[in-house]
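A.B. asks: Next comes target-v6.cif, mmCIF, C-alpha atoms:
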```cif
data_my_file
loop_
_atom_site.label_atom_id
_atom_site.label_comp_id
_atom_site.auth_asym_id
_atom_site.auth_seq_id
_atom_site.Cartn_x
_atom_site.Cartn_y
_atom_site.Cartn_z
CA MET A 11 33.55 -4.04 13.78
CA PRO A 12 35.79 -6.71 15.36
CA ILE A 13 38.61 -8.26 13.35
CA LEU A 14 37.37 -11.36 11.50
CA ASN A 15 38.01 -14.50 13.51
CA LYS A 16 37.20 -18.21 13.45
CA ASP A 17 34.44 -17.90 16.04
CA MET A 18 32.57 -15.11 14.28
CA GLN A 19 28.96 -15.99 13.44
CA VAL A 20 27.82 -15.22 9.91
CA CYS A 21 24.40 -14.00 8.80
CA ILE A 22 23.56 -13.43 5.15
CA SER A 23 20.77 -12.25 2.91
CA LEU A 24 19.62 -13.75 -0.40
CA ALA A 25 17.93 -11.50 -2.93
CA ALA A 26 17.66 -11.05 -6.67
CA ARG A 27 18.89 -7.48 -6.24
CA PRO A 28 20.90 -7.20 -3.01
CA SER A 29 21.14 -3.83 -1.28
CA ASN A 30 23.20 -2.52 1.60
CA LEU A 31 20.15 -1.80 3.77
CA GLY A 32 20.21 -4.95 5.88
CA THR A 33 24.00 -5.14 5.79
CA ARG A 34 24.35 -1.67 7.28
CA PHE A 35 21.51 -2.14 9.81
CA HIS A 36 22.85 -5.39 11.26
CA ASN A 37 26.57 -4.61 11.15
CA PHE A 38 25.97 -1.20 12.75
CA LEU A 39 24.39 -2.90 15.75
CA TYR A 40 26.87 -5.79 15.88
CA ASP A 41 29.60 -3.16 16.18
CA GLU A 42 27.77 -1.04 18.72
CA LEU A 43 26.86 -4.01 20.93
CA GLY A 44 30.24 -5.73 20.57
CA LEU A 45 28.73 -8.89 19.06
CA ASN A 46 31.00 -11.33 17.24
CA PHE A 47 28.79 -11.39 14.13
CA ILE A 48 29.05 -10.26 10.53
CA TYR A 49 26.29 -9.79 7.93
CA LYS A 50 26.76 -9.97 4.15
CA ALA A 51 24.31 -9.69 1.24
CA PHE A 52 24.36 -12.19 -1.65
CA THR A 53 22.44 -13.15 -4.74
CA THR A 54 22.30 -16.60 -6.32
CA ASP A 55 20.96 -18.61 -9.23
CA ASP A 56 21.28 -21.79 -7.17
CA LEU A 57 18.96 -21.49 -4.18
CA GLU A 58 19.25 -25.15 -3.20
CA GLY A 59 23.04 -24.90 -3.23
CA ALA A 60 22.90 -21.71 -1.16
CA VAL A 61 20.72 -23.37 1.47
CA HIS A 62 23.07 -26.38 1.57
CA GLY A 63 25.86 -23.84 2.14
CA ILE A 64 24.01 -22.31 5.09
CA ARG A 65 23.92 -25.75 6.73
CA ALA A 66 27.39 -26.89 5.69
CA LEU A 67 29.12 -23.68 6.79
CA SER A 68 26.98 -23.23 9.93
CA PHE A 69 25.79 -19.75 8.97
CA ARG A 70 23.63 -18.49 11.79
CA GLY A 71 20.86 -16.86 9.79
CA CYS A 72 19.61 -15.78 6.40
CA SER A 73 17.27 -13.01 5.30
CA VAL A 74 15.25 -14.03 2.23
CA SER A 75 13.90 -11.61 -0.38
CA MET A 76 12.18 -12.01 -3.73
CA PRO A 77 12.18 -14.25 -5.70
CA PHE A 78 13.13 -16.82 -3.05
CA LYS A 79 10.46 -16.33 -0.38
CA GLU A 80 8.26 -19.22 -1.51
CA ALA A 81 10.84 -21.25 -3.43
CA ILE A 82 12.85 -21.81 -0.24
CA ILE A 83 10.00 -23.49 1.65
CA PRO A 84 10.73 -27.09 0.50
CA LEU A 85 14.31 -26.67 1.71
CA ILE A 86 13.30 -25.70 5.27
CA ASP A 87 13.02 -28.02 8.29
CA VAL A 88 10.58 -26.06 10.49
CA MET A 89 8.01 -23.44 9.47
CA ALA A 90 7.16 -20.99 12.28
CA PRO A 91 3.53 -19.80 12.55
CA SER A 92 4.33 -16.47 10.89
CA ALA A 93 5.68 -18.24 7.78
CA LEU A 94 2.81 -20.73 7.74
CA ALA A 95 0.27 -17.90 7.98
CA ILE A 96 1.23 -16.56 4.56
CA GLU A 97 3.20 -19.47 3.06
CA SER A 98 6.17 -17.16 2.59
CA VAL A 99 9.59 -16.91 4.25
CA ASN A 100 11.85 -13.93 4.83
CA THR A 101 13.97 -15.15 7.77
CA VAL A 102 15.83 -18.41 8.36
CA VAL A 103 17.62 -19.31 11.59
CA ASN A 104 20.13 -22.17 11.71
CA ASP A 105 20.25 -24.07 15.00
CA ASN A 106 22.94 -26.74 14.61
CA GLY A 107 21.79 -27.61 11.11
CA VAL A 108 18.05 -27.31 11.73
CA LEU A 109 16.63 -24.48 9.62
CA THR A 110 13.59 -22.68 11.02
CA ALA A 111 11.75 -20.21 8.81
CA SER A 112 9.60 -17.25 9.85
CA ASN A 113 8.22 -14.10 8.27
CA THR A 114 9.11 -10.91 10.09
CA ASP A 115 7.21 -8.77 7.56
CA PHE A 116 4.00 -10.36 8.83
CA GLU A 117 5.20 -10.12 12.43
CA ALA A 118 6.15 -6.44 12.07
CA VAL A 119 2.82 -5.39 10.55
CA LEU A 120 0.90 -7.37 13.17
CA GLN A 121 2.93 -5.80 15.98
CA LEU A 122 2.36 -2.28 14.64
CA LEU A 123 -1.39 -2.88 14.39
CA ARG A 124 -1.57 -4.24 17.93
CA GLU A 125 0.59 -1.46 19.38
CA ARG A 126 -1.63 1.23 17.88
CA GLU A 127 -4.76 -0.48 19.28
CA PHE A 128 -6.94 0.32 16.26
CA ALA A 129 -10.61 -0.67 16.48
CA THR A 130 -10.91 -3.90 14.52
CA SER A 131 -14.44 -2.93 13.45
CA GLN A 132 -12.97 -0.41 11.01
CA SER A 133 -13.13 -1.09 7.27
CA VAL A 134 -9.79 -1.58 5.53
CA LEU A 135 -8.80 -1.08 1.89
CA VAL A 136 -5.56 -2.76 0.81
CA ARG A 137 -4.18 -1.86 -2.61
CA GLY A 138 -1.91 -4.56 -4.02
CA SER A 139 -1.84 -8.34 -4.41
CA GLY A 140 1.84 -9.34 -4.31
CA GLY A 141 3.92 -11.05 -1.66
CA MET A 142 4.00 -8.14 0.78
CA ALA A 143 0.25 -7.62 0.31
CA LYS A 144 -0.21 -11.19 1.51
CA ALA A 145 1.75 -10.39 4.68
CA VAL A 146 -0.33 -7.26 5.25
CA VAL A 147 -3.72 -8.88 4.66
CA ALA A 148 -2.81 -11.86 6.84
CA ALA A 149 -1.67 -9.51 9.63
CA PHE A 150 -4.97 -7.61 9.55
CA LYS A 151 -6.79 -10.95 9.73
CA ALA A 152 -4.66 -12.10 12.67
CA ALA A 153 -5.25 -8.75 14.42
CA GLY A 154 -9.00 -9.39 14.30
CA PHE A 155 -10.16 -7.15 11.45
CA GLN A 156 -13.26 -8.47 9.70
CA ILE A 157 -14.03 -5.88 7.01
CA LEU A 158 -11.28 -5.69 4.42
CA THR A 159 -11.27 -5.20 0.66
CA VAL A 160 -8.35 -5.99 -1.63
CA VAL A 161 -8.11 -3.79 -4.74
CA ALA A 162 -5.75 -5.02 -7.45
CA ARG A 163 -5.01 -4.57 -11.14
CA ASN A 164 -4.73 -8.34 -11.52
CA ALA A 165 -8.25 -9.62 -10.91
CA ALA A 166 -7.16 -13.25 -10.42
CA ALA A 167 -4.41 -12.36 -7.94
CA GLY A 168 -6.69 -10.01 -6.00
CA GLU A 169 -9.45 -12.60 -5.82
CA ALA A 170 -7.03 -15.32 -4.69
CA LEU A 171 -5.50 -13.14 -1.97
CA ALA A 172 -8.83 -11.92 -0.63
CA GLY A 173 -10.39 -15.37 -0.79
CA LYS A 174 -7.55 -16.98 1.15
CA TYR A 175 -8.41 -14.85 4.18
CA GLY A 176 -12.15 -14.51 3.68
CA PHE A 177 -12.21 -10.89 2.47
CA ALA A 178 -13.72 -9.00 -0.46
CA HIS A 179 -11.93 -7.94 -3.63
CA ILE A 180 -12.40 -5.48 -6.47
CA VAL A 181 -10.30 -4.46 -9.46
CA ASP A 182 -8.81 -0.99 -9.85
CA SER A 183 -11.45 0.14 -12.30
CA GLU A 184 -14.21 -0.54 -9.74
CA LEU A 185 -12.69 1.47 -6.90
CA ALA A 186 -14.16 4.86 -7.80
CA LYS A 187 -17.66 3.39 -8.17
CA VAL A 188 -17.49 1.48 -4.88
CA SER A 189 -16.10 4.52 -3.04
CA GLY A 190 -18.86 6.72 -4.47
CA GLU A 191 -21.55 4.29 -3.35
CA MET A 192 -20.07 4.16 0.14
CA ALA A 193 -19.86 7.96 0.35
CA ALA A 194 -23.52 8.24 -0.69
CA ASP A 195 -24.39 6.02 2.28
CA GLY A 196 -22.19 8.06 4.64
CA ARG A 197 -19.51 5.38 4.80
CA ALA A 198 -15.82 5.30 3.89
CA PHE A 199 -12.80 3.05 3.95
CA GLU A 200 -11.44 3.90 7.39
CA ILE A 201 -7.95 2.44 6.94
CA LEU A 202 -6.05 2.77 3.66
CA VAL A 203 -3.02 0.58 2.95
CA ASN A 204 -0.79 0.88 -0.10
CA VAL A 205 1.21 -2.23 -0.94
CA THR A 206 2.14 -1.30 -4.52
CA PRO A 207 5.24 0.47 -5.93
CA LEU A 208 3.24 3.68 -6.33
CA GLY A 209 5.24 6.44 -4.64
CA MET A 210 8.48 4.44 -4.57
CA ALA A 211 11.72 6.30 -5.25
CA GLY A 212 13.09 5.71 -8.72
CA GLU A 213 9.91 4.19 -10.11
CA ASN A 214 6.61 5.95 -9.51
CA GLU A 215 7.75 8.44 -6.90
CA GLN A 216 5.30 11.18 -7.89
CA ASP A 217 2.25 8.89 -7.96
CA LEU A 218 -0.44 9.06 -5.29
CA SER A 219 -1.74 5.57 -4.56
CA PHE A 220 -5.18 6.69 -3.34
CA ALA A 221 -7.42 9.54 -4.45
CA PRO A 222 -7.35 12.62 -2.17
CA GLU A 223 -11.02 12.18 -1.24
CA LEU A 224 -10.32 8.66 0.05
CA ILE A 225 -7.44 9.97 2.15
CA THR A 226 -9.56 12.78 3.57
CA ALA A 227 -12.28 10.32 4.59
CA ALA A 228 -9.90 7.79 6.20
CA ASN A 229 -8.93 7.47 9.87
CA LEU A 230 -5.49 5.97 9.21
CA VAL A 231 -3.14 5.80 6.23
CA PHE A 232 -0.51 3.07 5.93
CA ASP A 233 2.09 2.95 3.14
CA VAL A 234 4.38 -0.08 2.96
CA VAL A 235 6.76 1.67 0.53
CA ALA A 236 10.02 2.18 2.45
CA PHE A 237 11.83 4.61 0.14
CA PRO A 238 11.24 7.46 0.58
CA ALA A 239 9.92 7.38 4.14
CA GLU A 240 7.45 10.12 3.20
CA THR A 241 5.79 9.03 -0.02
CA PRO A 242 3.19 11.21 -1.75
CA LEU A 243 0.55 9.19 0.12
CA ILE A 244 2.15 9.80 3.51
CA LYS A 245 2.72 13.49 2.79
CA THR A 246 -0.91 13.96 1.72
CA ALA A 247 -2.17 12.11 4.79
CA LEU A 248 -0.02 14.15 7.17
CA ALA A 249 -1.17 17.38 5.52
CA ALA A 250 -4.74 16.23 6.12
CA GLY A 251 -3.97 15.56 9.80
CA LYS A 252 -4.24 11.78 9.53
CA PRO A 253 -2.24 9.32 11.62
CA VAL A 254 0.12 7.22 9.51
CA ILE A 255 2.24 4.08 9.49
CA THR A 256 5.19 4.29 7.13
CA GLY A 257 7.14 1.67 5.25
CA ALA A 258 10.25 2.90 7.02
CA GLU A 259 8.69 1.78 10.31
CA VAL A 260 7.85 -1.64 8.90
CA ILE A 261 11.26 -2.33 7.38
CA ALA A 262 13.08 -1.22 10.56
CA LEU A 263 10.88 -3.33 12.83
CA GLN A 264 11.14 -6.43 10.69
CA ALA A 265 14.94 -6.03 10.66
CA ALA A 266 14.92 -5.69 14.44
CA LEU A 267 12.90 -8.91 14.73
CA GLN A 268 15.42 -10.66 12.48
CA PHE A 269 18.26 -9.30 14.58
CA ALA A 270 16.68 -10.75 17.74
CA ALA A 271 16.15 -14.11 16.03
CA TYR A 272 19.80 -14.31 14.98
CA THR A 273 21.47 -12.95 18.11
CA GLY A 274 18.98 -13.38 20.96
CA VAL A 275 19.27 -9.63 21.65
CA ALA A 276 16.06 -7.60 21.79
CA LEU A 277 16.73 -4.06 20.57
CA SER A 278 15.44 -0.88 22.14
CA ALA A 279 13.37 1.57 20.13
CA ASP A 280 16.32 3.97 20.15
CA GLN A 281 18.71 1.34 18.82
CA VAL A 282 16.28 0.47 16.02
CA ARG A 283 15.86 4.15 15.15
CA ARG A 284 19.58 4.85 14.98
CA ALA A 285 20.38 1.69 13.02
CA SER A 286 17.56 2.47 10.61
CA GLU A 287 18.83 6.02 10.08
CA PHE A 288 22.35 4.73 9.48
CA SER A 289 21.18 2.04 7.05
CA ARG A 290 19.21 4.51 4.97
CA GLN A 291 22.13 6.91 4.47
CA GLN A 292 23.69 4.80 1.74
CA SER A 293 21.31 1.93 1.15
#
```
Go through the file and emit its structure as structure tokens.
C.D. replies:
Amino acid sequence: MPILNKDMQVCISLAARPSNLGTRFHNFLYDELGLNFIYKAFTTDDLEGAVHGIRALSFRGCSVSMPFKEAIIPLIDVMAPSALAIESVNTVVNDNGVLTASNTDFEAVLQLLREREFATSQSVLVRGSGGMAKAVVAAFKAAGFQILTVVARNAAAGEALAGKYGFAHIVDSELAKVSGEMAADGRAFEILVNVTPLGMAGENEQDLSFAPELITAANLVFDVVAFPAETPLIKTALAAGKPVITGAEVIALQAALQFAAYTGVALSADQVRRASEFSRQQS
């Protein structure tokens, strides 16, 4: 990393519980590419003051995590289509005092879906109804998928999320019944997506987010949980010979999109892979 200097551009992150993941990812690449940038994670109980600071100190960019993703919207000048699509922000770029917000979670999921060229006629089951679930459901909608069901513990949240994008919803307790009825008709959920903490390290790391019979019947399994990269869901899917998308892929791609927005440098797949591996060593 270059010695700190007056011309160095500063990027930050704002989160309730900051980690070193983004800090290590971005600074690793700044160093490797010889860019005069530095990235630092922060938390705050004064979001408005923090955003004023971004303008006043000419910080180049800001990554936004919970609980600030929606609260920051009134403080933004320009909402990019990706942020408007889900009414949530995770990236802010400062161009001479004009703050433009986007959502690289949405962009990353949409890019992965388009790169894999999945048939949009396939039926999708998304488990979860939080902020990241909104990014996932919106990305499937933008990719052209028409048959999607949201399953959630919170009936009101699941209904609101599904209704926003014109999809169906069920509560957790109805999933077994619906799956059984589909199996009796020779149908199945062809794409399974977990957007809950089930399988996450340190919380529910032994929990399988979908029943084995649903995994066996699916064509693709997608787990947004980033830690560990191979959750119980991903391990079970791989053992069953199913193609997968992992949360590690999503978090690395969204970070790469942020990096490009801040620096103007598009990263290669190899650069993203190595920065991701480095960031996960001591995140």
A.B. asks: Once you count all atoms listed in the file, which residues end up no further than 10 Å from (11.0, -14.6, 0.1) in the file's frame, shown as a list of chain:residue names?
C.D. replies: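 Final list of nearby residues, as requested, is A:Leu24, A:Ala25, A:Ser73, A:Val74, A:Ser75, A:Met76, A:Pro77, A:Phe78, A:Lys79, A:Glu80, A:Ala81, A:Ile82, A:Ile83, A:Glu97, A:Ser98, A:Val99, A:Asn100, A:Thr101, A:Asn113, A:Gly141, A:Met142.
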A.B. asks: Just the number, please: distance in Å from CA of Asn104 (chain A) to CA of Arg70 (chain A), one decimal.
C.D. replies: 5.1 Å
A.B. asks: Quick one: of A:Leu31, A:Met89, A:Ile48, A:Leu158, who's nearest to Lys16 (chain A), counting only C-alpha atoms?
C.D. replies: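 Among the listed residues, A:Ile48 lies closest to Lys16 (chain A).
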A.B. asks: Which one is closest to Leu218 (chain A): A:Ser68, A:Ala236, A:Glu169, A:Thr241? Count all atoms listed in the file.
C.D. replies: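 Closest candidate: A:Thr241.
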A.B. asks: As lines of an AutoDock Vina configuration file, please report the centre and edge lengths, rounded to one decimal in Å, of the axis-aligned box that holds all listed atoms of region 275-286 of chain A with 8 Å of padding on each of the six sides.
C.D. replies:
```
center_x = 16.9
center_y = -2.4
center_z = 16.4
size_x = 23.0
size_y = 30.5
size_z = 27.5
```
A.B. asks: What residues come out when you apply the PyMOL selection byres ((chain A and resi 174) around 12) to this file, written as a list in words?
C.D. replies: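 Answer for the PyMOL selection byres ((chain A and resi 174) around 12): Ala95, Ile96, Glu97, Ser139, Lys144, Ala145, Val147, Ala148, Lys151, Val160, Ala167, Gly168, Glu169, Ala170, Leu171, Ala172, Gly173, Tyr175, Gly176, Phe177, Ala178 and His179 of chain A.
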A.B. asks: Applied to this file, what does the PyMOL selection byres ((chain A and resi 225) around 10) return in terms of residues, put as a ChimeraX atom specification?
C.D. replies: /A:198-202,219-224,226-231,243-244,246-248,250,252
A.B. asks: Once the PyMOL selection byres ((chain A and resi 234) around 6) has been applied to the shown file, what residues remain in the selection, as a list in words?
C.D. replies: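 Taken on the displayed file, the PyMOL selection byres ((chain A and resi 234) around 6) yields the residues Val205, Asp233, Val235 and Gly257 of chain A.
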A.B. asks: Which residues are close to Thr33 (chain A), i.e. within 9 Å by all atoms listed in the file, leaving aside same-chain residues fewer than 2 positions away? Reply as a ChimeraX atom specification.
C.D. replies: /A:22-23,29-31,35-38,48-51,289,293
A.B. asks: Keeping only C-alpha atoms, write the selected residues to a file as a CSV table (one decimal), keeping the file's coordinate frame.
C.D. replies:
```csv
chain,number,residue,atom,x,y,z
A,22,ILE,CA,23.6,-13.4,5.2
A,23,SER,CA,20.8,-12.2,2.9
A,29,SER,CA,21.1,-3.8,-1.3
A,30,ASN,CA,23.2,-2.5,1.6
A,31,LEU,CA,20.2,-1.8,3.8
A,35,PHE,CA,21.5,-2.1,9.8
A,36,HIS,CA,22.8,-5.4,11.3
A,37,ASN,CA,26.6,-4.6,11.2
A,38,PHE,CA,26.0,-1.2,12.8
A,48,ILE,CA,29.0,-10.3,10.5
A,49,TYR,CA,26.3,-9.8,7.9
A,50,LYS,CA,26.8,-10.0,4.2
A,51,ALA,CA,24.3,-9.7,1.2
A,289,SER,CA,21.2,2.0,7.0
A,293,SER,CA,21.3,1.9,1.2
```
A.B. asks: Which polymer residues, protein or nucleic acid, are no farther than 7 Å from (-14.6, -5.5, 6.6), counting all atoms listed in the file, as a count of residues only?
C.D. replies: 8
A.B. asks: Between CA of Ala239 (chain A) and CA of Pro253 (chain A), what is the distance, to one decimal in Å?
C.D. replies: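 Calculated distance between CA of Ala239 (chain A) and CA of Pro253 (chain A) is 14.4 Å.
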A.B. asks: Could you name the residues that touch region 275-287 of chain A at 6 Å or less, counting all atoms listed in the file, but leaving out those on the same chain fewer than 3 positions away, as a PyMOL selection string?
C.D. replies: chain A and resi 35+262+270+290
A.B. asks: Can you tell me how far CA of Gly140 (chain A) sits from CA of Asp182 (chain A), in Å to one decimal?
C.D. replies: 14.6 Å
A.B. asks: Taking only C-alpha atoms into account, name the residue in A:Leu208, A:Val136, A:Ile64, A:Leu263 that is nearest to Ile180 (chain A).
C.D. replies: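 Of A:Leu208, A:Val136, A:Ile64, A:Leu263, the one nearest Ile180 (chain A), counting only C-alpha atoms, is A:Val136.
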A.B. asks: Which one of A:Gly59, A:Ile13, A:Ala186, A:Val108 sits closest to Asp41 (chain A) if you count only C-alpha atoms?
C.D. replies: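 Comparing A:Gly59, A:Ile13, A:Ala186, A:Val108 against Asp41 (chain A), the winner is A:Ile13.
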A.B. asks: Which is closest to Asn46 (chain A) among A:Pro12, A:Gly32, A:Gly71, A:Gly107, if we use only C-alpha atoms?
C.D. replies: A:Pro12
